[in-house]
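Undergrad: What follows is the file upload.cif, containing mmCIF, C-alpha atoms and all ligand atoms:
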```
data_target
#
loop_
_atom_site.label_atom_id
_atom_site.label_comp_id
_atom_site.auth_asym_id
_atom_site.auth_seq_id
_atom_site.Cartn_x
_atom_site.Cartn_y
_atom_site.Cartn_z
CA ASP A 129 -4.01 -22.78 -15.93
CA ALA A 130 -1.79 -20.52 -13.86
CA PRO A 131 -1.68 -16.79 -14.63
CA SER A 132 1.34 -15.00 -16.12
CA LEU A 133 2.75 -12.37 -13.77
CA ALA A 134 4.80 -9.21 -13.96
CA VAL A 135 6.46 -7.50 -10.99
CA VAL A 136 7.02 -3.78 -11.58
CA GLY A 137 9.67 -2.32 -9.26
CA VAL A 138 11.14 -5.72 -8.48
CA THR A 139 14.38 -4.36 -6.98
CA GLY A 140 12.64 -2.19 -4.34
CA ALA A 141 11.85 -3.26 -0.77
CA VAL A 142 8.23 -4.08 -1.66
CA GLY A 143 9.20 -5.62 -5.01
CA GLN A 144 11.55 -8.02 -3.25
CA GLU A 145 8.84 -8.80 -0.70
CA PHE A 146 6.42 -9.55 -3.55
CA LEU A 147 8.78 -12.37 -4.58
CA SER A 148 9.13 -13.66 -1.00
CA VAL A 149 5.37 -13.70 -0.49
CA LEU A 150 4.67 -15.30 -3.90
CA SER A 151 7.06 -18.06 -2.96
CA ASP A 152 5.91 -18.43 0.67
CA ARG A 153 2.31 -18.82 -0.50
CA SER A 154 3.12 -20.99 -3.52
CA PHE A 155 1.24 -18.54 -5.71
CA PRO A 156 0.68 -20.32 -9.05
CA TYR A 157 2.16 -18.68 -12.15
CA SER A 158 2.95 -19.81 -15.69
CA SER A 159 5.60 -17.13 -16.15
CA ILE A 160 6.90 -14.08 -14.30
CA LYS A 161 8.50 -10.91 -15.68
CA MET A 162 10.93 -8.98 -13.48
CA LEU A 163 10.58 -5.31 -14.41
CA ALA A 164 12.52 -2.31 -13.12
CA SER A 165 14.12 0.92 -14.26
CA LYS A 166 16.86 1.15 -16.88
CA ARG A 167 19.38 1.28 -14.03
CA SER A 168 18.55 -2.27 -12.96
CA ALA A 169 17.84 -3.73 -16.42
CA GLY A 170 20.17 -6.57 -17.32
CA LYS A 171 20.90 -7.56 -13.72
CA ARG A 172 20.18 -11.16 -12.84
CA LEU A 173 18.07 -12.42 -9.96
CA THR A 174 17.22 -15.91 -8.82
CA PHE A 175 13.67 -16.70 -7.87
CA GLU A 176 12.49 -20.17 -6.93
CA ASP A 177 15.73 -21.72 -8.17
CA LYS A 178 15.38 -20.11 -11.57
CA GLU A 179 17.54 -17.26 -12.88
CA TYR A 180 15.82 -14.22 -14.37
CA ILE A 181 17.19 -11.19 -16.16
CA ILE A 182 15.60 -7.95 -14.99
CA GLU A 183 13.97 -6.18 -17.94
CA GLU A 184 13.54 -2.44 -18.35
CA LEU A 185 9.91 -1.45 -17.86
CA SER A 186 8.41 -0.30 -21.18
CA ALA A 187 5.10 0.05 -22.99
CA ASP A 188 5.69 -3.44 -24.41
CA SER A 189 6.16 -5.08 -21.03
CA PHE A 190 2.56 -6.19 -20.52
CA SER A 191 1.47 -8.16 -23.57
CA GLY A 192 0.31 -11.55 -22.36
CA VAL A 193 0.54 -10.56 -18.68
CA ASP A 194 -2.49 -11.60 -16.64
CA ILE A 195 -1.58 -9.96 -13.29
CA ALA A 196 0.85 -7.06 -12.88
CA LEU A 197 2.01 -6.20 -9.35
CA PHE A 198 3.15 -2.57 -9.20
CA SER A 199 5.31 -0.97 -6.53
CA ALA A 200 7.45 1.63 -8.23
CA GLY A 201 5.90 4.90 -7.14
CA GLY A 202 2.89 6.88 -8.27
CA SER A 203 4.36 8.32 -11.46
CA ILE A 204 5.28 4.86 -12.81
CA SER A 205 1.79 3.57 -11.95
CA LYS A 206 0.16 6.58 -13.62
CA LYS A 207 2.23 6.06 -16.79
CA PHE A 208 2.24 2.26 -17.10
CA GLY A 209 -0.91 1.20 -15.23
CA PRO A 210 -3.24 2.25 -18.07
CA ILE A 211 -0.94 0.59 -20.62
CA ALA A 212 -1.11 -2.69 -18.69
CA ILE A 213 -4.90 -2.41 -18.39
CA ASP A 214 -5.15 -1.86 -22.17
CA CYS A 215 -3.20 -5.09 -22.60
CA GLY A 216 -5.90 -6.86 -20.60
CA SER A 217 -3.80 -7.18 -17.43
CA ILE A 218 -5.23 -6.87 -13.94
CA VAL A 219 -3.00 -4.35 -12.16
CA VAL A 220 -2.60 -4.53 -8.37
CA ASP A 221 -1.11 -1.13 -7.60
CA ASN A 222 0.69 -0.44 -4.33
CA SER A 223 1.05 3.28 -5.12
CA SER A 224 -1.40 5.98 -4.11
CA ALA A 225 -1.95 7.04 -7.76
CA PHE A 226 -5.48 5.62 -8.24
CA ARG A 227 -6.64 4.79 -4.70
CA MET A 228 -9.28 7.49 -4.54
CA ASP A 229 -10.54 7.06 -8.11
CA GLU A 230 -14.29 6.41 -7.98
CA ASP A 231 -14.16 3.25 -10.11
CA VAL A 232 -10.98 1.78 -8.59
CA PRO A 233 -11.53 -0.77 -5.80
CA LEU A 234 -9.36 -0.06 -2.72
CA VAL A 235 -9.10 -3.48 -1.08
CA ILE A 236 -8.03 -5.19 2.12
CA PRO A 237 -9.07 -8.81 1.44
CA GLU A 238 -10.05 -9.50 5.08
CA VAL A 239 -12.05 -6.26 5.22
CA ASN A 240 -13.83 -5.46 1.94
CA PRO A 241 -13.34 -8.29 -0.59
CA GLU A 242 -16.70 -7.49 -2.16
CA ALA A 243 -15.24 -4.26 -3.56
CA MET A 244 -13.37 -6.25 -6.23
CA SER A 245 -15.87 -9.06 -6.89
CA HIS A 246 -16.73 -7.66 -10.34
CA ILE A 247 -13.12 -7.98 -11.55
CA LYS A 248 -12.33 -11.26 -13.32
CA LEU A 249 -9.06 -12.64 -14.60
CA ARG A 250 -8.74 -13.10 -18.37
CA SER A 251 -12.06 -11.42 -19.01
CA GLY A 252 -10.41 -9.65 -21.93
CA LYS A 253 -10.93 -6.43 -20.00
CA GLY A 254 -8.05 -5.20 -17.89
CA ALA A 255 -8.60 -3.46 -14.56
CA LEU A 256 -6.74 -1.84 -11.70
CA ILE A 257 -7.16 -2.66 -8.00
CA ALA A 258 -5.47 -0.33 -5.53
CA ASN A 259 -3.58 -1.49 -2.45
CA PRO A 260 -4.33 0.87 0.46
CA ASN A 261 -1.57 2.77 2.22
CA CYS A 262 0.33 0.66 4.76
CA SER A 263 -0.82 2.66 7.80
CA THR A 264 -4.42 2.33 6.62
CA ILE A 265 -4.15 -1.46 6.15
CA ILE A 266 -2.58 -2.02 9.55
CA CYS A 267 -5.11 0.20 11.34
CA LEU A 268 -8.20 -1.21 9.63
CA MET A 269 -7.18 -4.84 10.11
CA ALA A 270 -7.88 -4.22 13.81
CA ALA A 271 -10.56 -1.53 13.67
CA THR A 272 -12.86 -3.14 11.09
CA PRO A 273 -13.93 -6.27 13.02
CA LEU A 274 -14.99 -3.93 15.86
CA HIS A 275 -16.64 -1.51 13.42
CA GLN A 276 -18.66 -4.38 11.96
CA ARG A 277 -19.98 -5.16 15.44
CA ALA A 278 -20.64 -1.71 16.92
CA LYS A 279 -20.22 0.84 14.09
CA VAL A 280 -17.34 3.27 14.56
CA VAL A 281 -18.49 6.89 14.47
CA ARG A 282 -15.07 8.39 15.18
CA MET A 283 -11.49 7.08 14.95
CA VAL A 284 -8.37 8.87 16.21
CA VAL A 285 -5.06 7.37 15.09
CA SER A 286 -1.48 8.18 16.05
CA THR A 287 1.08 6.28 14.00
CA TYR A 288 4.71 5.42 14.74
CA GLN A 289 5.98 4.58 11.25
CA ALA A 290 9.06 2.57 10.32
CA ALA A 291 11.87 3.51 7.97
CA SER A 292 10.77 0.90 5.44
CA GLY A 293 7.81 3.10 4.51
CA ALA A 294 10.33 5.45 2.93
CA GLY A 295 12.11 2.64 1.10
CA ALA A 296 15.19 0.49 1.37
CA ALA A 297 17.52 3.51 1.27
CA ALA A 298 15.87 4.94 4.39
CA MET A 299 16.38 1.65 6.21
CA GLU A 300 20.06 1.70 5.23
CA GLU A 301 20.45 5.30 6.34
CA LEU A 302 18.82 4.60 9.72
CA GLU A 303 21.38 1.88 10.34
CA GLN A 304 24.25 4.08 9.10
CA GLN A 305 23.16 7.06 11.21
CA THR A 306 22.81 4.93 14.32
CA ARG A 307 26.36 3.67 13.88
CA GLU A 308 27.68 7.17 13.17
CA VAL A 309 26.01 8.65 16.23
CA LEU A 310 27.35 5.90 18.45
CA GLU A 311 30.81 6.52 17.04
CA GLY A 312 30.49 10.23 17.78
CA LYS A 313 30.39 11.12 14.08
CA ARG A 314 28.06 13.59 12.37
CA PRO A 315 25.07 11.53 11.12
CA THR A 316 24.52 11.26 7.34
CA CYS A 317 21.16 12.88 6.62
CA GLU A 318 20.44 12.39 2.91
CA ILE A 319 16.94 10.90 2.97
CA PHE A 320 15.09 12.93 5.63
CA LYS A 321 17.50 15.89 5.94
CA GLN A 322 17.39 15.51 9.72
CA GLN A 323 18.70 13.05 12.27
CA TYR A 324 16.56 9.94 12.47
CA ALA A 325 18.61 7.78 14.85
CA PHE A 326 17.65 8.30 18.53
CA ASN A 327 15.03 10.75 17.30
CA LEU A 328 11.52 10.86 15.82
CA PHE A 329 9.77 13.44 13.67
CA SER A 330 6.51 14.31 11.98
CA HIS A 331 6.05 12.08 8.90
CA ASN A 332 8.07 13.28 5.92
CA ALA A 333 5.03 13.45 3.57
CA PRO A 334 4.19 16.99 2.32
CA VAL A 335 2.06 19.11 4.68
CA LEU A 336 -1.21 20.32 3.12
CA SER A 337 -3.04 23.63 3.54
CA ASN A 338 -5.18 22.15 6.33
CA GLY A 339 -2.06 21.42 8.36
CA TYR A 340 -2.34 17.65 7.89
CA ASN A 341 0.33 15.79 5.94
CA GLU A 342 -0.51 13.52 3.00
CA GLU A 343 0.01 10.38 5.07
CA GLU A 344 -2.62 11.51 7.59
CA MET A 345 -5.14 12.45 4.91
CA LYS A 346 -4.62 9.03 3.28
CA LEU A 347 -5.77 7.42 6.54
CA VAL A 348 -8.80 9.72 6.69
CA LYS A 349 -9.88 9.28 3.06
CA GLU A 350 -8.99 5.64 2.57
CA THR A 351 -10.85 4.58 5.72
CA ARG A 352 -14.03 6.25 4.48
CA LYS A 353 -13.71 4.59 1.08
CA ILE A 354 -12.90 1.12 2.41
CA TRP A 355 -15.72 1.27 4.97
CA ASN A 356 -17.96 2.82 2.33
CA ASN A 357 -19.00 5.39 4.91
CA MET A 358 -18.37 9.06 4.20
CA ASN A 359 -19.69 10.06 7.63
CA VAL A 360 -17.18 8.29 9.84
CA LYS A 361 -15.01 10.87 11.55
CA VAL A 362 -11.29 10.13 11.27
CA THR A 363 -8.28 12.14 12.35
CA ALA A 364 -4.63 11.11 12.43
CA THR A 365 -1.13 12.16 13.38
CA CYS A 366 1.61 10.29 11.54
CA ILE A 367 5.12 10.19 12.98
CA ARG A 368 8.31 8.63 11.61
CA VAL A 369 10.20 6.66 14.27
CA PRO A 370 13.61 4.93 14.26
CA VAL A 371 12.25 1.41 13.68
CA MET A 372 13.18 -0.70 10.64
CA ARG A 373 10.13 -2.31 9.02
CA ALA A 374 7.01 -2.44 11.18
CA HIS A 375 4.53 0.32 11.95
CA ALA A 376 2.89 0.83 15.32
CA GLU A 377 -0.39 2.68 15.74
CA SER A 378 -2.41 3.93 18.71
CA VAL A 379 -6.10 3.75 17.77
CA ASN A 380 -9.03 5.29 19.65
CA LEU A 381 -12.50 4.21 18.54
CA GLN A 382 -15.88 5.74 19.42
CA PHE A 383 -18.89 3.57 18.64
CA GLU A 384 -22.56 4.03 17.87
CA GLU A 385 -23.38 0.91 19.94
CA PRO A 386 -21.71 0.00 23.26
CA LEU A 387 -18.84 -2.52 22.96
CA ASP A 388 -17.10 -3.82 26.05
CA GLU A 389 -13.42 -4.71 26.04
CA ASP A 390 -13.91 -8.45 26.66
CA THR A 391 -16.23 -8.74 23.69
CA ALA A 392 -13.77 -6.67 21.65
CA ARG A 393 -10.89 -8.94 22.66
CA THR A 394 -12.88 -12.03 21.63
CA ILE A 395 -13.81 -10.45 18.30
CA LEU A 396 -10.17 -9.61 17.62
CA LYS A 397 -8.98 -13.09 18.63
CA ASN A 398 -11.27 -14.46 15.93
CA ALA A 399 -10.48 -11.81 13.33
CA PRO A 400 -8.63 -13.03 10.20
CA GLY A 401 -5.00 -11.92 9.96
CA VAL A 402 -4.98 -10.58 13.53
CA VAL A 403 -3.28 -11.86 16.70
CA VAL A 404 -4.01 -10.47 20.15
CA ILE A 405 -1.03 -9.77 22.43
CA ASP A 406 -2.65 -8.26 25.51
CA ASP A 407 -0.97 -9.46 28.69
CA ARG A 408 -1.43 -6.76 31.31
CA ALA A 409 0.07 -8.78 34.17
CA SER A 410 3.45 -8.96 32.46
CA ASN A 411 3.02 -5.71 30.53
CA ARG A 412 3.49 -7.63 27.25
CA PHE A 413 1.89 -5.97 24.23
CA PRO A 414 2.54 -5.74 20.47
CA THR A 415 5.93 -4.46 19.36
CA PRO A 416 7.33 -3.73 15.87
CA LEU A 417 10.00 -6.39 16.28
CA ALA A 418 7.43 -9.03 17.26
CA VAL A 419 5.52 -8.53 13.97
CA SER A 420 8.49 -7.92 11.63
CA ASN A 421 8.54 -10.42 8.73
CA LYS A 422 5.20 -11.80 9.95
CA ASP A 423 1.86 -11.85 8.12
CA GLU A 424 -0.36 -11.02 11.08
CA VAL A 425 -1.22 -7.65 12.58
CA ALA A 426 -0.89 -7.70 16.39
CA VAL A 427 -3.35 -5.88 18.68
CA GLY A 428 -3.12 -5.16 22.40
CA ARG A 429 -3.75 -2.49 25.09
CA ILE A 430 -7.44 -3.22 24.47
CA ARG A 431 -9.24 -1.11 27.04
CA GLN A 432 -12.41 0.87 27.58
CA ASP A 433 -11.91 4.53 26.74
CA VAL A 434 -12.29 6.23 30.14
CA SER A 435 -13.21 9.52 28.47
CA GLN A 436 -16.42 7.93 27.14
CA ASP A 437 -19.55 7.17 29.19
CA GLY A 438 -20.61 3.52 29.09
CA ASN A 439 -18.77 1.26 26.68
CA TYR A 440 -18.90 3.59 23.70
CA GLY A 441 -15.14 3.88 23.30
CA LEU A 442 -12.09 1.61 23.08
CA ASP A 443 -8.35 2.24 22.88
CA LEU A 444 -6.04 -0.18 21.06
CA PHE A 445 -2.37 -0.49 20.15
CA VAL A 446 -1.65 -2.14 16.81
CA CYS A 447 1.60 -3.26 15.13
CA GLY A 448 2.07 -4.62 11.60
CA ASP A 449 4.91 -5.29 9.18
CA GLN A 450 4.85 -2.36 6.74
CA ILE A 451 6.49 -4.18 3.84
CA ARG A 452 4.53 -7.40 4.27
CA LYS A 453 0.88 -6.93 5.35
CA GLY A 454 1.28 -3.20 4.82
CA ALA A 455 2.14 -3.71 1.14
CA ALA A 456 3.31 -6.96 -0.52
CA LEU A 457 1.17 -9.53 1.32
CA ASN A 458 -2.02 -7.47 0.96
CA ALA A 459 -1.37 -7.06 -2.78
CA ILE A 460 -0.79 -10.78 -3.28
CA GLN A 461 -3.87 -11.67 -1.24
CA ILE A 462 -5.76 -9.45 -3.69
CA ALA A 463 -4.15 -11.38 -6.57
CA GLU A 464 -5.15 -14.68 -4.91
CA MET A 465 -8.77 -13.54 -4.98
CA LEU A 466 -8.52 -13.38 -8.78
CA LEU A 467 -7.53 -17.05 -9.11
C1 LIG J 1 5.24 5.51 4.61
N1 LIG J 1 2.99 4.89 3.98
O1 LIG J 1 5.27 4.75 5.59
C2 LIG J 1 4.29 5.26 3.48
C3 LIG J 1 4.84 4.21 2.58
N2 LIG J 1 3.94 3.85 1.59
O2 LIG J 1 5.97 6.49 4.50
#
```
How would this structure read if it were set down as structure tokens?

TA:
Amino acid sequence: DAPSLAVVGVTGAVGQEFLSVLSDRSFPYSSIKMLASKRSAGKRLTFEDKEYIIEELSADSFSGVDIALFSAGGSISKKFGPIAIDCGSIVVDNSSAFRMDEDVPLVIPEVNPEAMSHIKLRSGKGALIANPNCSTIICLMAATPLHQRAKVVRMVVSTYQAASGAGAAAMEELEQQTREVLEGKRPTCEIFKQQYAFNLFSHNAPVLSNGYNEEEMKLVKETRKIWNNMNVKVTATCIRVPVMRAHAESVNLQFEEPLDEDTARTILKNAPGVVVIDDRASNRFPTPLAVSNKDEVAVGRIRQDVSQDGNYGLDLFVCGDQIRKGAALNAIQIAEMLL
């Protein structure tokens, strides 16, 4: 029979997308708990023609819950994830809290489903499966099919990340700032403390002692874990751009084996969850708007890297919806693998 669900952080951008994706994919459930902070507790929400009352997240929230979808920040996951596991729940955690834990599978279903094959629903033993960071998911959806063919030895990524990655409030502020700037007013800068509209800036994640920010190091570390290859060389520069909800990424790949662009294009056309938009004649390539609210990651600008001899390098341009495939859809595809 269908599993009982809990959605932790249901009022956030990803929490709301969890509900949309559950409904779009007719995910089977016997019951669903809508959990959020005290501030939202008591509010009503309608889901699939049924009215729910949002409950305050507590240590008692998980008894009888088979699958708990978390997207309420790392501190909430750290505090309540273990409690849910002790209740026998399978936690699918969208935060970064446990991603690099040795015994926690970090899963993109189209890429490394085998990493979670030992986790079974209702086994009496709870578990936690980590959802990778959005920029990692979007990048690897395109890079992995090529890696599987010709083994990536080095990957260089530049990201152009949407407001949604910083939450619903950042999306609202981008819209507000844009209006204010156009009206000649001083832009409201609460979220990023600098003007976002008609601007771009280095990702707002904290900068580490090595000069990389946390977002960039997530891409480096998560790629190595997901590909189960600690030798692959990865470097990244993550930038926040004035786009609402879809990330764009420039990806340069260097291979161990030669891989020509036509073969790469064919591989990508057949890759699950990927669409190729690569029309040089009309200069039509992936854009954030084209992938917004869509499940697929779009890839284009597929070309041989002219800095590499032979066909040992490729350049790509990838776009993906940060809230959907970058978070909610990937998490629910993980949950589907438990059914
Ligand atoms: C961002 N990756 O885009 C983060 C969100 N999880 O800021």

Undergrad: All residues within 6 Å of ligand LIG 1 (chain J) are required, counting all atoms listed in the file; please report them as an MDAnalysis selection string.

TA: chainID A and resid 261:263 289 293:294

Undergrad: Please compute the CA of Ala374 (chain A)-CA of Arg352 (chain A) distance, one decimal, in Å.

TA: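 One can read the CA of Ala374 (chain A) to CA of Arg352 (chain A) distance as 23.7 Å.
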
Undergrad: Which one is closest to Ser199 (chain A): A:Leu310, A:Ile451, A:Ala463, A:Cys317? Count only C-alpha atoms.

TA: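 The shortest atom-to-atom distance to Ser199 (chain A) comes from A:Ile451.
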
Undergrad: Got a sec: who's within 8 Å of Val403 (chain A), counting all atoms listed in the file, leaving out chain neighbours fewer than 6 positions off, as an MDAnalysis selection string?

TA: chainID A and resid 396:397 424:427

Undergrad: Which residue gives the smallest distance to Val348 (chain A) among A:Ser378, A:Lys313, A:Val285, A:Thr272, with only C-alpha atoms counted?

TA: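 Among the listed residues, the smallest separation from Val348 (chain A) belongs to A:Val285.
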
Undergrad: Pick out the residues sitting within 10 Å of Met372 (chain A), and hand them over as a list of chain:residue names; count all atoms listed in the file, and ignore anything fewer than 6 positions along from it in its own chain.

TA: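 Answer for this query is A:Gln289, A:Ala290, A:Ala291, A:Ser292, A:Gly293, A:Ala296, A:Ala298, A:Met299, A:Glu300, A:Leu302, A:Glu303, A:Pro416, A:Leu417, A:Ser420, A:Asp449, A:Gln450.
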
Undergrad: Could you produce a table of the residues of region 414-433 of chain A lying within 12 Å of region 134-150 of chain A, with the nearest pair of atoms per residue and their separation in Å rounded to one decimal, using all atoms listed in the file, ordered by chain and increasing residue number, as a Markdown table?

TA:
```
| residue | atom | partner | partner_atom | distance |
| --- | --- | --- | --- | --- |
| A:Asn421 | CA | A:Glu145 | CA | 9.6 |
| A:Lys422 | CA | A:Val149 | CA | 10.6 |
| A:Asp423 | CA | A:Val149 | CA | 9.5 |
```

Undergrad: Measuring atom to atom with only C-alpha atoms, identify which of A:Gly216, A:Pro237, A:Gly441, A:Gly170 is nearest to Pro400 (chain A).

TA: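 Looking at the shortest contact to Pro400 (chain A), the residue is A:Pro237.
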
Undergrad: Quick one: everything within 12 Å of Pro241 (chain A), counting all atoms listed in the file, minus sequence neighbours fewer than 4 positions away in the same chain. Send it as number ranges by chain.

TA: A: 233-237, 245-247, 257, 354-355, 458, 461-466

Undergrad: Grab the residues selected above and save them as a PDB file, in the frame of the given file with C-alpha atoms.

TA:
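What ended up in part-v3.pdb:
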```
ATOM      1  CA  PRO A 233     -11.530  -0.770  -5.800  1.00  0.00           C
ATOM      2  CA  LEU A 234      -9.360  -0.060  -2.720  1.00  0.00           C
ATOM      3  CA  VAL A 235      -9.100  -3.480  -1.080  1.00  0.00           C
ATOM      4  CA  ILE A 236      -8.030  -5.190   2.120  1.00  0.00           C
ATOM      5  CA  PRO A 237      -9.070  -8.810   1.440  1.00  0.00           C
ATOM      6  CA  SER A 245     -15.870  -9.060  -6.890  1.00  0.00           C
ATOM      7  CA  HIS A 246     -16.730  -7.660 -10.340  1.00  0.00           C
ATOM      8  CA  ILE A 247     -13.120  -7.980 -11.550  1.00  0.00           C
ATOM      9  CA  ILE A 257      -7.160  -2.660  -8.000  1.00  0.00           C
ATOM     10  CA  ILE A 354     -12.900   1.120   2.410  1.00  0.00           C
ATOM     11  CA  TRP A 355     -15.720   1.270   4.970  1.00  0.00           C
ATOM     12  CA  ASN A 458      -2.020  -7.470   0.960  1.00  0.00           C
ATOM     13  CA  GLN A 461      -3.870 -11.670  -1.240  1.00  0.00           C
ATOM     14  CA  ILE A 462      -5.760  -9.450  -3.690  1.00  0.00           C
ATOM     15  CA  ALA A 463      -4.150 -11.380  -6.570  1.00  0.00           C
ATOM     16  CA  GLU A 464      -5.150 -14.680  -4.910  1.00  0.00           C
ATOM     17  CA  MET A 465      -8.770 -13.540  -4.980  1.00  0.00           C
ATOM     18  CA  LEU A 466      -8.520 -13.380  -8.780  1.00  0.00           C
TER      19      LEU A 466
END
```

Undergrad: Would you kindly return, as JSON, numbers by chain, each protein, DNA or RNA residue with an atom no farther than 6 Å from any atom of Ile195 (chain A), considering all atoms listed in the file and excluding same-chain residues fewer than 4 positions away?

TA: {"A": [133, 217, 218, 219]}

Undergrad: Please compute the CA of Ser191 (chain A)-CA of Asp221 (chain A) distance, one decimal, in Å.

TA: 17.6 Å

Undergrad: Of the candidates A:Lys253, A:Arg277, A:Lys248, A:Lys206, which one gets nearest to Ala399 (chain A) if we count all atoms listed in the file?

TA: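 Closest to Ala399 (chain A), using all atoms listed in the file: A:Arg277.
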
Undergrad: Would you mind listing what lies within 9 Å of Ala392 (chain A) as a short mmCIF file (atom, residue, chain, number, x, y, z; two decimals) with C-alpha atoms, in the coordinates of the input, with only C-alpha atoms counted and same-chain residues fewer than 6 positions away left out?

TA:
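Resulting contents of out18.cif:
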```cif
data_model
loop_
_atom_site.label_atom_id
_atom_site.label_comp_id
_atom_site.auth_asym_id
_atom_site.auth_seq_id
_atom_site.Cartn_x
_atom_site.Cartn_y
_atom_site.Cartn_z
CA PRO A 273 -13.93 -6.27 13.02
CA LEU A 274 -14.99 -3.93 15.86
CA ARG A 277 -19.98 -5.16 15.44
CA ILE A 430 -7.44 -3.22 24.47
CA ARG A 431 -9.24 -1.11 27.04
CA LEU A 442 -12.09 1.61 23.08
#
```

Undergrad: Which value, in Å to one decimal, gives the distance between CA of Glu311 (chain A) and CA of Asn327 (chain A)?

TA: 16.3 Å

Undergrad: Using all atoms listed in the file, which of A:Lys361, A:Gly252, A:Lys279, A:Glu176 sits nearest Asp152 (chain A)?

TA: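 The answer is A:Glu176, which sits nearest to Asp152 (chain A).
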
Undergrad: Please work out which residues fall within 12 Å of (0.3, -7.9, 28.7), coordinates as given in the file, with only C-alpha atoms counting, and return them as a list of chain:residue names.

TA: A:Val404, A:Ile405, A:Asp406, A:Asp407, A:Arg408, A:Ala409, A:Ser410, A:Asn411, A:Arg412, A:Phe413, A:Pro414, A:Thr415, A:Val427, A:Gly428, A:Arg429, A:Ile430, A:Arg431, A:Phe445

Undergrad: Using only C-alpha atoms for the distances, tell me which of A:Ser186, A:Ala255, A:Ala278, A:Leu381 is nearest to Pro210 (chain A).

TA: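 Smallest separation from Pro210 (chain A) among the options: A:Ala255.
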
Undergrad: Around all the atoms of region 367-372 of chain A listed in the file, draw an axis-aligned box and extend it by 4 Å on each of the six sides; I want its centre and edge lengths in Å to one decimal, as AutoDock Vina command-line options.

TA:
```
--center_x 9.4 --center_y 4.7 --center_z 12.5 --size_x 16.5 --size_y 18.9 --size_z 11.6
```

Undergrad: Complete the atoms of region 337-341 of chain A to all heavy atoms and put them out as a PDB file, keeping the file's coordinate frame.

TA:
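What landed in result_16.pdb:
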```pdb
ATOM      1  N   SER A 337      -2.570  22.317   3.048  1.00  0.00           N
ATOM      2  CA  SER A 337      -3.040  23.630   3.540  1.00  0.00           C
ATOM      3  C   SER A 337      -3.847  23.502   4.835  1.00  0.00           C
ATOM      4  O   SER A 337      -3.936  24.446   5.615  1.00  0.00           O
ATOM      5  CB  SER A 337      -3.898  24.305   2.450  1.00  0.00           C
ATOM      6  OG  SER A 337      -4.969  23.428   2.115  1.00  0.00           O
ATOM      7  N   ASN A 338      -4.402  22.311   5.076  1.00  0.00           N
ATOM      8  CA  ASN A 338      -5.180  22.150   6.330  1.00  0.00           C
ATOM      9  C   ASN A 338      -4.293  21.760   7.510  1.00  0.00           C
ATOM     10  O   ASN A 338      -4.789  21.448   8.591  1.00  0.00           O
ATOM     11  CB  ASN A 338      -6.309  21.113   6.137  1.00  0.00           C
ATOM     12  CG  ASN A 338      -5.777  19.694   5.948  1.00  0.00           C
ATOM     13  OD1 ASN A 338      -4.562  19.487   5.883  1.00  0.00           O
ATOM     14  ND2 ASN A 338      -6.678  18.735   5.855  1.00  0.00           N
ATOM     15  N   GLY A 339      -2.984  21.718   7.265  1.00  0.00           N
ATOM     16  CA  GLY A 339      -2.060  21.420   8.360  1.00  0.00           C
ATOM     17  C   GLY A 339      -1.792  19.940   8.559  1.00  0.00           C
ATOM     18  O   GLY A 339      -0.918  19.555   9.329  1.00  0.00           O
ATOM     19  N   TYR A 340      -2.589  19.108   7.845  1.00  0.00           N
ATOM     20  CA  TYR A 340      -2.340  17.650   7.890  1.00  0.00           C
ATOM     21  C   TYR A 340      -1.305  17.315   6.827  1.00  0.00           C
ATOM     22  O   TYR A 340      -1.232  18.008   5.801  1.00  0.00           O
ATOM     23  CB  TYR A 340      -3.628  16.886   7.596  1.00  0.00           C
ATOM     24  CG  TYR A 340      -4.584  16.811   8.777  1.00  0.00           C
ATOM     25  CD1 TYR A 340      -5.245  17.953   9.224  1.00  0.00           C
ATOM     26  CD2 TYR A 340      -4.819  15.613   9.436  1.00  0.00           C
ATOM     27  CE1 TYR A 340      -6.113  17.891  10.306  1.00  0.00           C
ATOM     28  CE2 TYR A 340      -5.697  15.545  10.515  1.00  0.00           C
ATOM     29  CZ  TYR A 340      -6.340  16.683  10.945  1.00  0.00           C
ATOM     30  OH  TYR A 340      -7.211  16.624  12.016  1.00  0.00           O
ATOM     31  N   ASN A 341      -0.548  16.212   7.040  1.00  0.00           N
ATOM     32  CA  ASN A 341       0.330  15.790   5.940  1.00  0.00           C
ATOM     33  C   ASN A 341      -0.391  14.732   5.111  1.00  0.00           C
ATOM     34  O   ASN A 341      -1.445  14.200   5.526  1.00  0.00           O
ATOM     35  CB  ASN A 341       1.690  15.314   6.476  1.00  0.00           C
ATOM     36  CG  ASN A 341       1.567  14.128   7.412  1.00  0.00           C
ATOM     37  OD1 ASN A 341       0.884  13.167   7.112  1.00  0.00           O
ATOM     38  ND2 ASN A 341       2.232  14.217   8.562  1.00  0.00           N
TER      39      ASN A 341
END
```
